[in-house]
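Working notes, structure below.
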Amino acid sequence: MANYSLSRSWQSQPISTRIVRLFLGVTWIYGGWNKATDAGFLNPASPHYIGEQLKGYLATSPIHLILQKMIEHASLMGWAVMLGEFAIGIATLLGIAGELAALSGFGMSIVLWLSATWSVKPYFLGSDTAYAILWLALFLSLRQSARSRRITSIIPNLKDRREVMQLVGVGAAAIVASLAGKKFTAKNPTPEAGAAIATLAELPIGGTKNFQAADGRAAVVFRTSAGVFAYSRICTHQGCVADYDSAAHLIKCPCHGAQFDPSKDGAAVAGPTNRALDKIKVAIKGNNVVQI
């Protein structure tokens with residue numbers, strides 16, 4: 001990379017490599033942009049939250065133990081994925097650390113396959129396996145070209161100031177792109193106190209519904225013959241978002257196993273915390289359930 005030239009990095013490659021490189025680079029940048037402009041991706045109260053997505057994969061993924069650890073630091077993982085997609089896409093298009101970028105893209109695709117699309121049957125309907133093959137093909141093509149030029153390492157030379165500055169530039173571009181995406185985020189208004197959470201028809205006796213509280217927290221409301229009550233779904237141990245298990249009649253945290261009993265004022269009944277879930281004040285007004 002000491003004699004780096006963007007135009008030469010494209011002109012020196014066969015047309016097949018250029019097509020794959022262009023497609024993957026643009027797609028990975030779009031993936032990062034899609035997450036950066038999604039108001040819910042890093043918002044624990046949103047159903048689109050990265051933590052909620054990870055929880056959805058636990059039941060079917062063969063790497064569920066790894067995903068469970070990721071949920072503990074879901075927002076950090078969200079930033080890592082978003083920045084990683086931008087960095088891989090930008091590096092691929094610019095031809096900076098191309099082999100390393102392709103290998104990183106391959107690794108990311110494998111993880112996505114083992115989590116997000118593992119349950120897709122037949123396998124060819126899931127896109128992540130196809131992306132993994134494309135990234136691997138790009139890596140092998142770039143590796144073959146590098147060997148013909150007698151370049152043996154896929155790791156950039158960190159003793160070369162020019163190469164270090166190129167890598168720093170890719171990282172800076174990824175950060176700028178992520179922050180720029182936030183400027184285009186469509187803000188989801190936080191419900192105000194008094195706003196309807198659900199109609200009585202939507203929440204029959206014995207029913208539950210997840211909702212976003214007026215303070216932005218993820219919450220769940222219950223309706224019984226005696227009325228309605230609600231709790232924050234934010235675990236009192238380390239702040240993971242918990243879910244109601246209707247079979248066990250408990251609110252369970254996927255991170256460290258904390259369990260809360262909604263029939264006992266949200267009391268902690270198992271796991272590493274003794275503090276009950278926070279209560280959310282709700283009431284029935286007319287035909288609606290509202291937060292008060």
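Letters for chains follow the order of the structure tokens (A, B, ...), residue numbers begin at 1 for each chain, and ligand numbers begin at 1 in the order shown.
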
Quiz prompt | All residues 10 Å or closer to range 127-137 of chain A, only C-alpha atoms, same chain fewer than 3 positions away omitted, as a ChimeraX atom specification | solution = /A:17,20-21,23-24,27,99,101-118,120,123-124,140-143

Quiz item: Which residues, written as number ranges by chain, have at least one atom at most 9 Å from Trp28 in chain A, with only C-alpha atoms counted and residues fewer than 5 positions away on the same chain left out?
Solution: A: 23, 33, 84-90, 105

Selection above as a file: N, CA and C atoms, as a PDB file, in the first residue's frame:
ATOM      1  N   PHE A  23     -20.133  -4.339  -5.505  1.00  0.00           N
ATOM      2  CA  PHE A  23     -21.397  -4.751  -4.882  1.00  0.00           C
ATOM      3  C   PHE A  23     -21.269  -4.866  -3.366  1.00  0.00           C
ATOM      4  N   TRP A  33     -25.397   2.495   6.995  1.00  0.00           N
ATOM      5  CA  TRP A  33     -26.266   3.677   6.912  1.00  0.00           C
ATOM      6  C   TRP A  33     -27.681   3.347   7.381  1.00  0.00           C
ATOM      7  N   GLY A  84     -18.323  -1.182  12.012  1.00  0.00           N
ATOM      8  CA  GLY A  84     -17.641  -2.224  11.250  1.00  0.00           C
ATOM      9  C   GLY A  84     -18.147  -2.301   9.822  1.00  0.00           C
ATOM     10  N   GLU A  85     -19.443  -2.197   9.637  1.00  0.00           N
ATOM     11  CA  GLU A  85     -19.995  -2.245   8.283  1.00  0.00           C
ATOM     12  C   GLU A  85     -19.511  -1.056   7.460  1.00  0.00           C
ATOM     13  N   PHE A  86     -19.539   0.132   8.054  1.00  0.00           N
ATOM     14  CA  PHE A  86     -19.033   1.302   7.336  1.00  0.00           C
ATOM     15  C   PHE A  86     -17.558   1.120   6.982  1.00  0.00           C
ATOM     16  N   ALA A  87     -16.751   0.712   7.951  1.00  0.00           N
ATOM     17  CA  ALA A  87     -15.309   0.598   7.728  1.00  0.00           C
ATOM     18  C   ALA A  87     -14.989  -0.449   6.666  1.00  0.00           C
ATOM     19  N   ILE A  88     -15.653  -1.607   6.736  1.00  0.00           N
ATOM     20  CA  ILE A  88     -15.401  -2.659   5.749  1.00  0.00           C
ATOM     21  C   ILE A  88     -15.807  -2.196   4.358  1.00  0.00           C
ATOM     22  N   GLY A  89     -16.976  -1.563   4.257  1.00  0.00           N
ATOM     23  CA  GLY A  89     -17.447  -1.089   2.953  1.00  0.00           C
ATOM     24  C   GLY A  89     -16.548  -0.022   2.359  1.00  0.00           C
ATOM     25  N   ILE A  90     -16.145   0.946   3.190  1.00  0.00           N
ATOM     26  CA  ILE A  90     -15.285   2.039   2.712  1.00  0.00           C
ATOM     27  C   ILE A  90     -13.919   1.505   2.297  1.00  0.00           C
ATOM     28  N   GLY A 105     -15.357  -8.997   6.358  1.00  0.00           N
ATOM     29  CA  GLY A 105     -16.699  -9.143   5.818  1.00  0.00           C
ATOM     30  C   GLY A 105     -17.159 -10.590   5.825  1.00  0.00           C
TER      31      GLY A 105
END

Practice problem: Calculate how many Å separate CA of Ala219 in chain A from CA of Ala80 in chain A, rounding to one decimal. | Solution: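 According to the coordinates, CA of Ala219 in chain A and CA of Ala80 in chain A are separated by 26.5 Å.
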
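Residues in contact with Ala45 in chain A at 8 Å, where only C-alpha atoms are counted and same-chain residues fewer than 2 positions away are skipped, are listed as Gly40, Asn43, Pro47, Tyr49, Gln212, Gly216, Arg217, Ala218 and Ala219 of chain A.
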
Quiz prompt | Å distance separating CA of Met70 in chain A from CA of Gln53 in chain A, one decimal place | solution =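 For CA of Met70 in chain A relative to CA of Gln53 in chain A, the distance reads 11.1 Å.
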
Quiz item: Among range 110-273 of chain A, which residues carry a DSSP assignment of strand (DSSP E or B), reported as a ChimeraX atom specification?
Solution: /A:196-199,208-212,218-224,227-232,234,241,243-245,250-252,259-261,267-270

Quiz item: What are the DSSP alpha helix (DSSP H) residues of range 78-273 of chain A, as an NGL selection string?
Solution: :A and (78-94 or 98-115 or 127-148 or 161-183)

Practice problem: Please indicate the distance in Å from CA of Ala97 in chain A to CA of Gly171 in chain A, rounded to one decimal place. | Solution: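 Answer for the CA of Ala97 in chain A to CA of Gly171 in chain A separation: 12.0 Å.
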
Self-check item: Nearest residue to Ala230 in chain A from the set A:Lys183, A:Lys281, A:Arg161, A:Arg150 (distances using only C-alpha atoms)
Solution: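 For Ala230 in chain A, the nearest of the given residues is A:Lys281.
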
Quiz item: Got a sec: who's within 8 Å of Cys240 in chain A, counting only C-alpha atoms, leaving out chain neighbours fewer than 2 positions off, as a PyMOL selection string?
Solution: chain A and resi 71-72+234-235+237-238+242+253-255

Could you turn the residues from that selection into a file that holds C-alpha atoms, as a PDB file, in the first residue's frame?
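again_36.pdb was written with the following content:
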ATOM      1  CA  ILE A  71     -26.968  -8.965  24.862  1.00  0.00           C
ATOM      2  CA  GLU A  72     -25.276  -7.810  28.069  1.00  0.00           C
ATOM      3  CA  ILE A 234     -35.436  -2.820  32.475  1.00  0.00           C
ATOM      4  CA  CYS A 235     -33.769  -5.434  34.663  1.00  0.00           C
ATOM      5  CA  HIS A 237     -29.404  -5.975  37.859  1.00  0.00           C
ATOM      6  CA  GLN A 238     -27.509  -4.440  34.929  1.00  0.00           C
ATOM      7  CA  ALA A 242     -36.439  -8.417  30.135  1.00  0.00           C
ATOM      8  CA  CYS A 253     -33.965 -11.275  31.883  1.00  0.00           C
ATOM      9  CA  PRO A 254     -31.908 -13.040  29.174  1.00  0.00           C
ATOM     10  CA  CYS A 255     -28.569 -11.653  30.354  1.00  0.00           C
TER      11      CYS A 255
END

Quiz prompt | Selection near Pro156 in chain A, 12 Å with only C-alpha atoms, sequence-local residues under 2 positions removed, as a VMD selection string | solution = chain A and resid 1 to 2 96 to 101 151 to 154 158 to 168

Quiz item: Which residue out of A:Gly78, A:Pro62, A:Gly56, A:Gly95 has the minimum interatomic distance to Phe41 in chain A when only C-alpha atoms are used?
Solution: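 Nearest candidate to Phe41 in chain A out of A:Gly78, A:Pro62, A:Gly56, A:Gly95: A:Gly78.
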
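Each of A:Leu138, A:Ser61, A:Ala180, A:Val81 was checked against Ile15 in chain A using only C-alpha atoms; the smallest atom-to-atom distance is that of A:Leu138.
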
Exercise. For each of A:Gly169, A:Gly25, A:Pro262, A:Gly181, take the minimum atom-to-atom distance to Val221 in chain A, counting only C-alpha atoms, then give the residue where this is smallest.
Key: A:Pro262
